[in-house]
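Below: upload06.txt (compact mmCIF, C-alpha atoms)
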```txt
# COMPACT_ATOMS: atom_id res chain seq x y z
CA MET A 1 16.81 -118.53 -69.52
CA PRO A 2 14.27 -115.91 -68.51
CA PRO A 3 10.71 -116.58 -69.60
CA ALA A 4 8.74 -114.15 -71.77
CA ASP A 5 11.82 -112.68 -73.47
CA THR A 6 10.48 -110.60 -76.37
CA GLY A 7 7.29 -112.30 -75.32
CA ALA A 8 8.56 -115.36 -77.14
CA SER A 9 10.80 -117.55 -74.99
CA VAL A 10 9.61 -120.85 -73.52
CA THR A 11 10.89 -123.21 -70.85
CA ASP A 12 13.10 -126.02 -72.12
CA ARG A 13 11.00 -129.11 -72.62
CA ALA A 14 13.86 -131.52 -72.01
CA ALA A 15 13.22 -132.36 -68.36
CA ALA A 16 14.82 -135.30 -66.59
CA SER A 17 12.64 -138.41 -66.36
CA PRO A 18 11.80 -139.66 -62.86
CA GLN A 19 13.97 -142.58 -61.80
CA SER A 20 12.46 -145.85 -60.61
CA SER A 21 13.85 -148.01 -57.86
CA PRO A 22 15.07 -151.51 -58.83
CA ASP A 23 12.04 -153.21 -57.32
CA SER A 24 9.50 -150.69 -58.55
CA SER A 25 6.83 -151.83 -60.99
CA THR A 26 7.00 -148.54 -62.90
CA THR A 27 9.52 -147.77 -65.64
CA ALA A 28 11.19 -144.47 -66.46
CA ALA A 29 9.51 -142.48 -69.22
CA PRO A 30 11.65 -142.35 -72.37
CA ASP A 31 13.52 -139.12 -73.06
CA PRO A 32 11.88 -137.61 -76.18
CA GLU A 33 15.19 -136.02 -77.15
CA ALA A 34 17.40 -139.07 -76.63
CA GLY A 35 17.82 -139.73 -80.35
CA LYS A 36 18.29 -136.13 -81.44
CA LEU A 37 21.54 -134.59 -82.65
CA ARG A 38 23.78 -132.87 -80.14
CA PRO A 39 27.16 -131.11 -80.33
CA GLY A 40 29.87 -133.75 -80.36
CA GLY A 41 27.40 -136.51 -81.18
CA PRO A 42 27.26 -138.58 -84.38
CA GLY A 43 25.81 -136.75 -87.35
CA TYR A 44 25.87 -133.29 -85.79
CA ARG A 45 29.00 -132.18 -87.63
CA ARG A 46 27.69 -133.45 -91.00
CA MET A 47 24.41 -131.67 -90.38
CA SER A 48 26.22 -128.46 -89.46
CA PHE A 49 28.38 -128.45 -92.59
CA ALA A 50 25.43 -129.33 -94.83
CA LEU A 51 23.21 -126.55 -93.49
CA PHE A 52 26.16 -124.18 -93.55
CA ALA A 53 26.61 -124.89 -97.28
CA ALA A 54 22.89 -124.37 -97.84
CA GLY A 55 23.08 -121.04 -96.02
CA VAL A 56 26.04 -119.95 -98.15
CA ALA A 57 24.17 -120.74 -101.38
CA THR A 58 20.96 -119.05 -100.20
CA PHE A 59 22.46 -115.65 -99.47
CA ALA A 60 25.03 -115.75 -102.29
CA LEU A 61 22.23 -116.28 -104.83
CA LEU A 62 19.56 -114.16 -103.19
CA TYR A 63 21.75 -111.06 -103.09
CA SER A 64 23.97 -111.80 -106.08
CA THR A 65 23.09 -108.53 -107.84
CA GLN A 66 23.33 -106.29 -104.78
CA ALA A 67 27.03 -105.38 -105.06
CA LEU A 68 26.60 -105.04 -108.84
CA LEU A 69 23.83 -102.45 -108.80
CA PRO A 70 26.03 -99.49 -109.84
CA ALA A 71 27.41 -101.54 -112.76
CA ILE A 72 23.92 -102.69 -113.76
CA SER A 73 22.64 -99.10 -113.62
CA ALA A 74 25.49 -97.89 -115.80
CA ASP A 75 25.25 -100.73 -118.34
CA LEU A 76 21.46 -100.78 -118.70
CA GLY A 77 20.94 -97.04 -118.20
CA VAL A 78 18.58 -97.30 -115.22
CA SER A 79 18.28 -95.42 -111.91
CA PRO A 80 19.22 -96.88 -108.49
CA ASP A 81 15.60 -97.44 -107.48
CA GLN A 82 14.93 -99.31 -110.76
CA ALA A 83 18.06 -101.47 -110.48
CA SER A 84 17.27 -102.25 -106.83
CA TRP A 85 14.35 -104.39 -108.00
CA THR A 86 16.82 -107.04 -109.17
CA VAL A 87 17.36 -107.61 -105.43
CA SER A 88 13.85 -106.87 -104.15
CA ALA A 89 12.21 -109.14 -106.75
CA ALA A 90 14.23 -112.11 -105.50
CA THR A 91 13.49 -111.47 -101.83
CA PHE A 92 9.82 -110.79 -102.59
CA GLY A 93 9.62 -114.05 -104.58
CA LEU A 94 11.09 -115.87 -101.60
CA ALA A 95 8.55 -114.23 -99.29
CA LEU A 96 5.71 -115.40 -101.56
CA GLY A 97 7.01 -118.95 -101.87
CA VAL A 98 8.08 -119.72 -98.34
CA ILE A 99 4.62 -120.47 -96.88
CA PRO A 100 3.28 -122.80 -99.62
CA LEU A 101 6.64 -124.58 -99.80
CA SER A 102 6.57 -125.09 -96.04
CA ALA A 103 3.37 -127.07 -96.61
CA VAL A 104 5.15 -129.09 -99.30
CA SER A 105 7.90 -129.88 -96.79
CA GLU A 106 5.30 -131.33 -94.41
CA ARG A 107 4.33 -133.85 -97.07
CA PHE A 108 7.63 -134.70 -98.78
CA GLY A 109 10.18 -133.88 -96.07
CA ARG A 110 12.50 -131.01 -95.21
CA ARG A 111 15.59 -132.73 -96.63
CA THR A 112 13.95 -133.47 -99.99
CA LEU A 113 12.61 -129.95 -100.41
CA MET A 114 15.92 -128.32 -99.51
CA THR A 115 17.73 -130.51 -102.05
CA TRP A 116 15.34 -129.64 -104.89
CA SER A 117 15.26 -125.94 -103.99
CA LEU A 118 19.05 -125.69 -104.13
CA ALA A 119 19.19 -127.57 -107.43
CA VAL A 120 16.56 -125.42 -109.17
CA ALA A 121 17.97 -122.15 -107.82
CA ALA A 122 21.48 -123.11 -108.98
CA LEU A 123 20.17 -123.96 -112.46
CA LEU A 124 18.42 -120.60 -112.72
CA ALA A 125 21.65 -118.92 -111.58
CA MET A 126 23.31 -120.19 -114.75
CA LEU A 127 20.57 -118.54 -116.85
CA VAL A 128 20.46 -115.16 -115.09
CA PRO A 129 23.68 -113.79 -116.71
CA PHE A 130 22.04 -114.08 -120.15
CA ALA A 131 19.02 -111.88 -119.33
CA PRO A 132 18.68 -109.46 -122.29
CA SER A 133 17.02 -106.59 -120.39
CA LEU A 134 16.27 -105.26 -116.93
CA GLY A 135 12.73 -106.64 -117.12
CA ALA A 136 13.96 -110.13 -118.01
CA LEU A 137 16.58 -109.98 -115.26
CA ILE A 138 13.96 -109.00 -112.68
CA ALA A 139 11.64 -111.79 -113.85
CA LEU A 140 14.34 -114.46 -113.60
CA ARG A 141 15.39 -113.18 -110.20
CA SER A 142 11.81 -113.35 -108.89
CA ILE A 143 11.51 -117.00 -110.01
CA GLN A 144 14.87 -117.74 -108.43
CA GLY A 145 13.61 -116.24 -105.18
CA VAL A 146 10.61 -118.59 -105.19
CA ALA A 147 12.94 -121.56 -105.77
CA LEU A 148 15.17 -120.49 -102.88
CA ALA A 149 12.13 -120.31 -100.59
CA GLY A 150 12.40 -124.04 -99.96
CA LEU A 151 15.54 -123.51 -97.88
CA PRO A 152 14.22 -121.18 -95.17
CA ALA A 153 10.83 -122.94 -95.34
CA SER A 154 12.47 -126.19 -94.26
CA ALA A 155 15.80 -125.47 -92.55
CA MET A 156 14.48 -124.10 -89.25
CA ALA A 157 11.89 -126.88 -88.93
CA PHE A 158 14.52 -129.50 -89.84
CA LEU A 159 16.80 -128.25 -87.07
CA ALA A 160 13.96 -128.01 -84.54
CA GLU A 161 13.02 -131.63 -85.24
CA GLU A 162 16.50 -133.15 -85.42
CA VAL A 163 18.54 -131.14 -82.87
CA ARG A 164 18.19 -131.14 -79.09
CA ALA A 165 16.40 -128.09 -77.70
CA LYS A 166 19.40 -126.84 -75.71
CA ALA A 167 21.56 -126.85 -78.84
CA LEU A 168 18.94 -125.28 -81.12
CA VAL A 169 20.08 -121.66 -80.88
CA ALA A 170 23.68 -122.66 -81.65
CA ALA A 171 22.60 -124.87 -84.57
CA ILE A 172 20.43 -122.16 -86.10
CA GLY A 173 23.26 -119.70 -85.48
CA LEU A 174 25.53 -121.86 -87.67
CA PHE A 175 22.93 -121.83 -90.45
CA VAL A 176 22.64 -118.05 -90.17
CA ALA A 177 26.45 -117.90 -90.14
CA GLY A 178 26.36 -119.69 -93.49
CA ASN A 179 24.02 -116.95 -94.68
CA SER A 180 26.57 -114.33 -93.71
CA ILE A 181 29.43 -116.18 -95.42
CA GLY A 182 27.31 -116.54 -98.56
CA GLY A 183 26.41 -112.88 -98.53
CA MET A 184 30.04 -111.90 -98.08
CA SER A 185 31.60 -114.28 -100.61
CA GLY A 186 28.96 -113.56 -103.23
CA ARG A 187 29.54 -109.83 -103.03
CA ILE A 188 33.34 -110.05 -102.95
CA VAL A 189 33.47 -112.44 -105.91
CA THR A 190 31.01 -110.40 -107.95
CA GLY A 191 32.80 -107.15 -107.16
CA TRP A 192 36.22 -108.24 -108.41
CA VAL A 193 34.93 -110.35 -111.30
CA ALA A 194 32.70 -107.49 -112.46
CA GLN A 195 35.62 -105.06 -112.38
CA ALA A 196 37.64 -107.37 -114.66
CA TRP A 197 35.02 -108.99 -116.90
CA GLY A 198 31.66 -107.31 -116.27
CA TRP A 199 28.61 -107.93 -114.13
CA ARG A 200 27.24 -110.78 -116.25
CA THR A 201 30.38 -112.85 -115.76
CA ALA A 202 30.21 -112.05 -112.06
CA LEU A 203 26.71 -113.51 -111.84
CA ALA A 204 27.92 -116.65 -113.63
CA ALA A 205 30.65 -117.05 -110.99
CA VAL A 206 28.03 -116.98 -108.24
CA GLY A 207 26.10 -119.63 -110.14
CA VAL A 208 29.11 -121.94 -110.09
CA LEU A 209 29.49 -121.37 -106.32
CA ALA A 210 25.83 -122.31 -105.86
CA VAL A 211 26.26 -125.56 -107.81
CA VAL A 212 29.19 -126.54 -105.57
CA CYS A 213 27.19 -125.78 -102.41
CA ALA A 214 24.23 -127.81 -103.68
CA VAL A 215 26.46 -130.85 -104.23
CA VAL A 216 28.09 -130.49 -100.79
CA PHE A 217 24.70 -130.21 -99.13
CA ARG A 218 23.33 -133.33 -100.80
CA LEU A 219 26.39 -135.38 -99.92
CA LEU A 220 26.52 -134.36 -96.25
CA VAL A 221 22.97 -133.75 -95.02
CA PRO A 222 21.89 -136.64 -92.74
CA LYS A 223 18.58 -138.40 -93.16
CA ALA A 224 15.73 -137.06 -91.07
CA ARG A 225 15.02 -139.37 -88.13
CA HIS A 226 12.17 -137.47 -86.48
CA PHE A 227 10.16 -136.21 -89.44
CA VAL A 228 6.58 -137.48 -89.76
CA SER A 229 4.94 -136.94 -93.14
CA ARG A 230 1.49 -135.40 -93.24
CA SER A 231 -0.62 -133.78 -95.92
CA VAL A 232 -1.49 -130.11 -95.50
CA GLY A 233 -4.42 -128.96 -97.63
CA PRO A 234 -5.27 -125.30 -98.28
CA ARG A 235 -7.87 -125.16 -95.51
CA ALA A 236 -5.63 -126.89 -93.00
CA LEU A 237 -2.77 -124.58 -93.98
CA ALA A 238 -4.99 -121.53 -93.50
CA ARG A 239 -6.04 -122.77 -90.06
CA THR A 240 -2.42 -123.42 -89.09
CA LEU A 241 -1.28 -119.99 -90.25
CA GLY A 242 -4.23 -118.41 -88.47
CA SER A 243 -3.33 -120.13 -85.21
CA HIS A 244 0.26 -118.89 -85.44
CA LEU A 245 -0.82 -115.36 -86.31
CA ALA A 246 -3.25 -115.41 -83.39
CA ASP A 247 -0.31 -115.94 -81.02
CA PRO A 248 0.84 -112.48 -79.86
CA LEU A 249 4.29 -113.84 -78.99
CA LEU A 250 4.88 -115.03 -82.54
CA ARG A 251 3.43 -111.85 -84.05
CA ARG A 252 5.96 -109.78 -82.16
CA LEU A 253 8.83 -111.96 -83.37
CA TYR A 254 7.65 -111.74 -86.97
CA ALA A 255 7.53 -107.96 -86.73
CA ILE A 256 10.99 -107.76 -85.15
CA GLY A 257 12.52 -109.98 -87.85
CA GLY A 258 10.92 -107.90 -90.62
CA LEU A 259 12.05 -104.60 -89.11
CA PHE A 260 15.65 -105.76 -88.65
CA MET A 261 15.74 -106.95 -92.24
CA THR A 262 14.31 -103.64 -93.47
CA VAL A 263 17.41 -101.94 -92.09
CA PHE A 264 19.79 -104.52 -93.49
CA GLY A 265 18.16 -104.57 -96.92
CA ALA A 266 18.20 -100.79 -97.19
CA VAL A 267 21.85 -100.41 -96.14
CA TYR A 268 23.36 -103.13 -98.30
CA THR A 269 21.27 -102.30 -101.36
CA VAL A 270 22.39 -98.67 -101.37
CA ILE A 271 25.91 -98.73 -99.88
CA GLY A 272 27.50 -99.57 -103.23
CA TYR A 273 26.10 -96.40 -104.81
CA ARG A 274 27.39 -94.34 -101.88
CA LEU A 275 30.92 -95.76 -102.07
CA VAL A 276 31.39 -95.43 -105.85
CA SER A 277 30.26 -91.78 -105.70
CA GLU A 278 31.76 -88.63 -104.19
CA PRO A 279 33.59 -88.25 -101.86
CA PHE A 280 34.81 -91.88 -101.93
CA ASN A 281 35.01 -92.81 -105.65
CA LEU A 282 35.98 -96.40 -104.87
CA PRO A 283 36.37 -98.94 -107.72
CA GLN A 284 33.89 -101.83 -108.04
CA GLY A 285 36.36 -104.43 -106.74
CA ILE A 286 37.08 -102.47 -103.57
CA VAL A 287 33.36 -101.89 -103.00
CA GLY A 288 32.77 -105.63 -103.27
CA SER A 289 35.57 -106.29 -100.78
CA ILE A 290 33.87 -104.03 -98.24
CA PHE A 291 31.41 -106.89 -97.74
CA VAL A 292 34.10 -108.85 -95.92
CA VAL A 293 32.45 -107.31 -92.85
CA TYR A 294 29.90 -110.13 -93.23
CA LEU A 295 32.43 -112.19 -91.26
CA VAL A 296 31.33 -110.17 -88.25
CA GLY A 297 27.83 -111.51 -88.83
CA THR A 298 29.21 -115.05 -88.86
CA VAL A 299 30.69 -114.51 -85.41
CA SER A 300 27.73 -112.63 -83.90
CA SER A 301 25.09 -115.10 -85.14
CA ALA A 302 27.09 -118.14 -84.00
CA ALA A 303 27.60 -116.47 -80.59
CA ALA A 304 23.91 -115.58 -80.19
CA GLY A 305 23.30 -118.57 -77.93
CA LYS A 306 25.94 -117.44 -75.43
CA LEU A 307 24.62 -113.88 -75.56
CA VAL A 308 21.09 -115.05 -74.77
CA ALA A 309 22.38 -117.19 -71.89
CA ARG A 310 24.08 -114.14 -70.42
CA VAL A 311 21.53 -111.34 -70.88
CA GLY A 312 18.32 -113.09 -71.95
CA ARG A 313 16.48 -112.83 -75.25
CA ARG A 314 15.11 -109.34 -74.66
CA GLY A 315 18.52 -108.15 -73.49
CA ALA A 316 20.12 -109.57 -76.62
CA LEU A 317 17.58 -107.77 -78.81
CA TYR A 318 18.19 -104.45 -77.01
CA LEU A 319 21.92 -104.87 -77.62
CA ALA A 320 21.28 -105.71 -81.28
CA VAL A 321 19.12 -102.60 -81.76
CA GLY A 322 21.67 -100.36 -80.04
CA THR A 323 24.60 -101.78 -81.98
CA THR A 324 22.83 -101.44 -85.34
CA SER A 325 21.67 -97.88 -84.58
CA THR A 326 25.19 -96.81 -83.65
CA GLY A 327 26.46 -98.29 -86.89
CA LEU A 328 23.90 -96.38 -88.95
CA LEU A 329 24.93 -93.08 -87.39
CA LEU A 330 28.61 -93.80 -88.06
CA THR A 331 27.95 -94.30 -91.79
CA LEU A 332 26.89 -90.65 -92.07
CA SER A 333 30.57 -89.72 -91.93
CA ASP A 334 32.57 -88.93 -95.08
CA SER A 335 35.44 -91.04 -93.74
CA VAL A 336 35.89 -94.50 -95.28
CA GLY A 337 37.08 -95.81 -91.91
CA ALA A 338 33.98 -94.54 -90.13
CA VAL A 339 31.69 -95.99 -92.79
CA LEU A 340 33.45 -99.35 -92.51
CA ALA A 341 33.14 -99.29 -88.72
CA GLY A 342 29.46 -98.47 -89.12
CA LEU A 343 28.92 -101.40 -91.48
CA ILE A 344 30.66 -103.71 -88.98
CA LEU A 345 28.29 -102.64 -86.20
CA ILE A 346 25.21 -102.85 -88.46
CA THR A 347 26.17 -106.37 -89.55
CA ALA A 348 26.93 -107.59 -86.04
CA GLY A 349 23.71 -106.16 -84.63
CA PHE A 350 21.54 -107.45 -87.45
CA PHE A 351 22.79 -111.03 -87.44
CA ALA A 352 22.60 -111.27 -83.65
CA GLY A 353 19.03 -109.98 -83.65
CA HIS A 354 18.02 -112.29 -86.49
CA ALA A 355 19.50 -115.39 -84.83
CA VAL A 356 17.72 -114.63 -81.55
CA ALA A 357 14.34 -113.87 -83.16
CA SER A 358 14.36 -116.84 -85.57
CA SER A 359 15.38 -119.35 -82.89
CA SER A 360 12.67 -117.98 -80.61
CA VAL A 361 10.06 -118.76 -83.26
CA SER A 362 11.22 -122.37 -83.52
CA ARG A 363 11.13 -122.78 -79.73
CA THR A 364 7.79 -121.03 -79.26
CA ALA A 365 5.74 -122.94 -81.85
CA LYS A 366 4.40 -126.14 -80.31
CA THR A 367 3.03 -127.58 -83.58
CA ALA A 368 3.51 -126.99 -87.34
CA ARG A 369 6.96 -125.52 -86.83
CA ALA A 370 7.59 -125.34 -90.57
CA GLN A 371 4.67 -122.95 -91.00
CA ALA A 372 5.70 -120.92 -87.93
CA SER A 373 9.20 -120.53 -89.35
CA ALA A 374 7.76 -119.84 -92.81
CA LEU A 375 5.74 -116.93 -91.48
CA TYR A 376 8.88 -115.55 -89.87
CA GLN A 377 10.78 -115.91 -93.14
CA CYS A 378 7.92 -114.27 -95.02
CA ALA A 379 8.01 -111.25 -92.73
CA TYR A 380 11.82 -111.26 -92.83
CA TYR A 381 12.05 -111.17 -96.62
CA VAL A 382 9.16 -108.76 -97.06
CA GLY A 383 11.24 -106.52 -94.83
CA SER A 384 14.22 -107.07 -97.10
CA SER A 385 12.19 -106.22 -100.20
CA LEU A 386 10.73 -103.09 -98.65
CA GLY A 387 14.08 -102.06 -97.22
CA GLY A 388 15.83 -102.43 -100.57
CA ALA A 389 13.14 -100.62 -102.56
CA LEU A 390 12.46 -97.85 -100.03
CA GLY A 391 16.13 -97.43 -99.14
CA ALA A 392 17.05 -96.98 -102.81
CA ALA A 393 14.14 -94.58 -103.35
CA ALA A 394 15.20 -92.54 -100.30
CA PHE A 395 18.79 -92.45 -101.56
CA HIS A 396 17.66 -91.39 -105.05
CA ALA A 397 15.52 -88.61 -103.55
CA VAL A 398 17.60 -87.14 -100.71
CA GLY A 399 20.85 -89.10 -100.47
CA TRP A 400 22.35 -91.45 -97.90
CA GLU A 401 20.78 -89.51 -95.02
CA GLY A 402 17.36 -90.67 -96.20
CA THR A 403 18.45 -94.31 -96.13
CA VAL A 404 19.83 -93.91 -92.59
CA LEU A 405 16.61 -92.24 -91.42
CA LEU A 406 14.58 -95.16 -92.79
CA GLY A 407 16.81 -97.61 -90.91
CA LEU A 408 16.55 -95.73 -87.62
CA ALA A 409 12.75 -95.64 -87.92
CA ALA A 410 12.65 -99.42 -88.40
CA LEU A 411 14.93 -99.97 -85.38
CA LEU A 412 12.74 -97.72 -83.28
CA GLY A 413 9.85 -100.01 -84.14
CA ALA A 414 11.83 -103.12 -83.13
CA ALA A 415 12.88 -101.49 -79.85
CA SER A 416 9.29 -100.44 -79.09
CA ILE A 417 8.02 -104.00 -79.59
CA THR A 418 10.73 -105.38 -77.32
CA LEU A 419 9.99 -102.73 -74.68
CA TYR A 420 6.30 -103.63 -74.79
CA ALA A 421 7.20 -107.29 -74.20
CA THR A 422 9.49 -106.30 -71.32
CA ARG A 423 6.79 -104.26 -69.57
CA LYS A 424 4.26 -107.04 -70.14
CA ALA A 425 6.62 -109.63 -68.63
CA VAL A 426 7.32 -107.41 -65.59
CA ALA A 427 3.58 -106.91 -65.03
CA GLU A 428 2.96 -110.66 -65.24
CA ARG A 429 5.72 -111.37 -62.72
CA ARG A 430 4.31 -108.79 -60.30
CA LEU A 431 0.84 -110.31 -60.59
CA LEU A 432 2.24 -113.80 -59.99
CA HIS A 433 4.15 -112.55 -56.94
CA LEU A 434 0.98 -110.94 -55.50
CA GLU A 435 -1.00 -114.15 -56.07
CA LYS A 436 1.63 -116.19 -54.26
CA ALA A 437 1.77 -113.68 -51.42
CA ALA A 438 -2.02 -113.87 -51.04
```
How would this structure read if it were set down as structure tokens?
Amino acid sequence: MPPADTGASVTDRAAASPQSSPDSSTTAAPDPEAGKLRPGGPGYRRMSFALFAAGVATFALLYSTQALLPAISADLGVSPDQASWTVSAATFGLALGVIPLSAVSERFGRRTLMTWSLAVAALLAMLVPFAPSLGALIALRSIQGVALAGLPASAMAFLAEEVRAKALVAAIGLFVAGNSIGGMSGRIVTGWVAQAWGWRTALAAVGVLAVVCAVVFRLLVPKARHFVSRSVGPRALARTLGSHLADPLLRRLYAIGGLFMTVFGAVYTVIGYRLVSEPFNLPQGIVGSIFVVYLVGTVSSAAAGKLVARVGRRGALYLAVGTTSTGLLLTLSDSVGAVLAGLILITAGFFAGHAVASSSVSRTAKTARAQASALYQCAYYVGSSLGGALGAAAFHAVGWEGTVLLGLAALLGAASITLYATRKAVAERRLLHLEKAA
């Protein structure tokens, strides 16, 4: 795998140990990854299903109101930009909670924190349908976002500690695939249930799904074998975060993740309003079913490892940017087929880019991986919050074209960062070549 991809790739640490002859007094150094999970090995399948269930619950709950925004606007008499805060409040709450909860995971364990986070978030999901007003709904959703923060704060670090380095991209891709399934199923269920029984009943249905996922996760997730507990005080946490933010490679990855999520948050927050309006006039159930395109994200995120092996991390990010940009332009059409094709490309590009960037963070951080991943998740969900709020505001002001323009601007930023890393890597290789020649 090429070094310096996006400025964030590193050489695999799993090197073969030197072999000793039978009569040598030295012994072979132990393989630090010998006891870690690997595809086909014991525990890997249980881990995959458990994290997949956690990913389903995370996205199903986090974006449970997104497909319902037109119905919420109509029922509560609020504008699209006001209703969009039922989504942005949850993602912003997650962004606020992910860093402190990552410190909690260092003390009490990734597995414990993920279990409690799922349980609390599922309980809150059963209360959300009874919110009496938009303000109460937004408040409950923000608290739910903080509760959900324990999942992304721990999942990436859990995988980095328990899974062999060469299988890490694929393992994280499966977790991200669970995110895509959760996002899809949550929106489809809420769309059809809302059409028949209203948006409050639809939110209750998502709550039941979350409870089931929480139980599956707890039953299947294997015990951590490589976690070492340590206390992280406020000063130590600040120093750790500062060291990660001082790393230019990680900073670039954080920015890329946030920019990709800005596009995704804007598109999927506003697309429901576009499809229920002229010239489409689609019913709520059909609009919810449009989110079946999330299956494309399941495939593209799970295949991210193969894509990186073929074209490198920077190449994969360029492809993700190009695919997402093409999708945005297609959605400008007044044809339902063209809009659907555009959403497919946006979803494929986004999930591929996210899987590559997030796995690069886990591989790049040498210490305190939970905090490194937490910073990525913070940037990622701040991007989601900004994308949802700004995308809805742009749609309210100038229409869908404004939302598309916002997305293209964010993708231009991601492409510029990747291009900078490419030019930097080329310059470093030239300098190394000149030094060797001298």
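Reported to one decimal place, the separation of atom CA of Ala177 of chain A from atom CA of Thr112 of chain A is 22.3 Å.
For the choices A:Tyr63, A:Tyr420, A:Phe158, A:Phe350, the atom-to-atom distance to Met261 of chain A is smallest for A:Phe350 when using only C-alpha atoms.
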Taking only C-alpha atoms into account, produce a table as CSV in which each residue of segment 119-148 of chain A with an atom at most 12 Å from an atom of segment 98-111 of chain A appears once, together with its shortest atom pair and the distance in Å to one decimal, ordered by chain and rising number.
```
residue,atom,partner,partner_atom,distance
A:Gly145,CA,A:Val98,CA,9.5
A:Val146,CA,A:Val98,CA,7.4
A:Ala147,CA,A:Val98,CA,9.1
A:Leu148,CA,A:Val98,CA,8.5
```
Best match for closeness to Pro222 of chain A among A:Met47, A:Leu250, A:Ala238, A:Val426, counting only C-alpha atoms: A:Met47
Spatial neighbours of segment 277-289 of chain A, max dist 7 Å, all atoms listed in the file, sep filter under 6 positions, as a ChimeraX atom specification: /A:67,187-188,190-192,195,334
Distance criterion (all atoms listed in the file): nearest to Pro132 of chain A out of A:Leu419, A:Leu76, A:Asp81, A:Ala394: A:Leu76
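Comparing the minimum interatomic distances between Leu151 of chain A and each of A:Val339, A:Ala89, A:Ala374, A:Val206, counting only C-alpha atoms, we find that A:Ala374 sits nearest.
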All residues 7 Å or closer to Val56 of chain A, only C-alpha atoms, same chain fewer than 5 positions away omitted, as a PyMOL selection string: chain A and resi 178-179+181-182
Close residues, Ala348 of chain A itself excluded, 7 Å, all atoms listed in the file, min 5 positions apart in chain, as a VMD selection string: chain A and resid 296 to 297 300
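When atom CA of Leu386 of chain A is paired with atom CA of Val87 of chain A, their separation reads 10.5 Å.
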Who sits within 12 Å of Ala53 of chain A, only C-alpha atoms, same chain under 6 positions skipped, as a ChimeraX atom specification: /A:46-47,59-60,114-115,118,151,155,174-182,209-221
Gap from atom CA of Leu405 of chain A to atom CA of Gly349 of chain A - Å, one decimal: 17.0 Å
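For Leu203 of chain A, the set of protein, DNA and RNA residues having any atom at most 8 Å away, when counting only C-alpha atoms and skipping those fewer than 4 positions along the same chain, is Ser64, Thr65, Ala125, Val128, Pro129, Thr190, Trp199 and Gly207 of chain A.
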Selected residue, from A:Thr347, A:Ser48, A:Gln377, A:Thr418, that lies nearest to Leu168 of chain A when counting all atoms listed in the file: A:Ser48
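Minimum distance to Phe92 of chain A across A:Gln144, A:Ser301, A:Thr326, A:Thr364 (counting all atoms listed in the file) occurs at A:Gln144.
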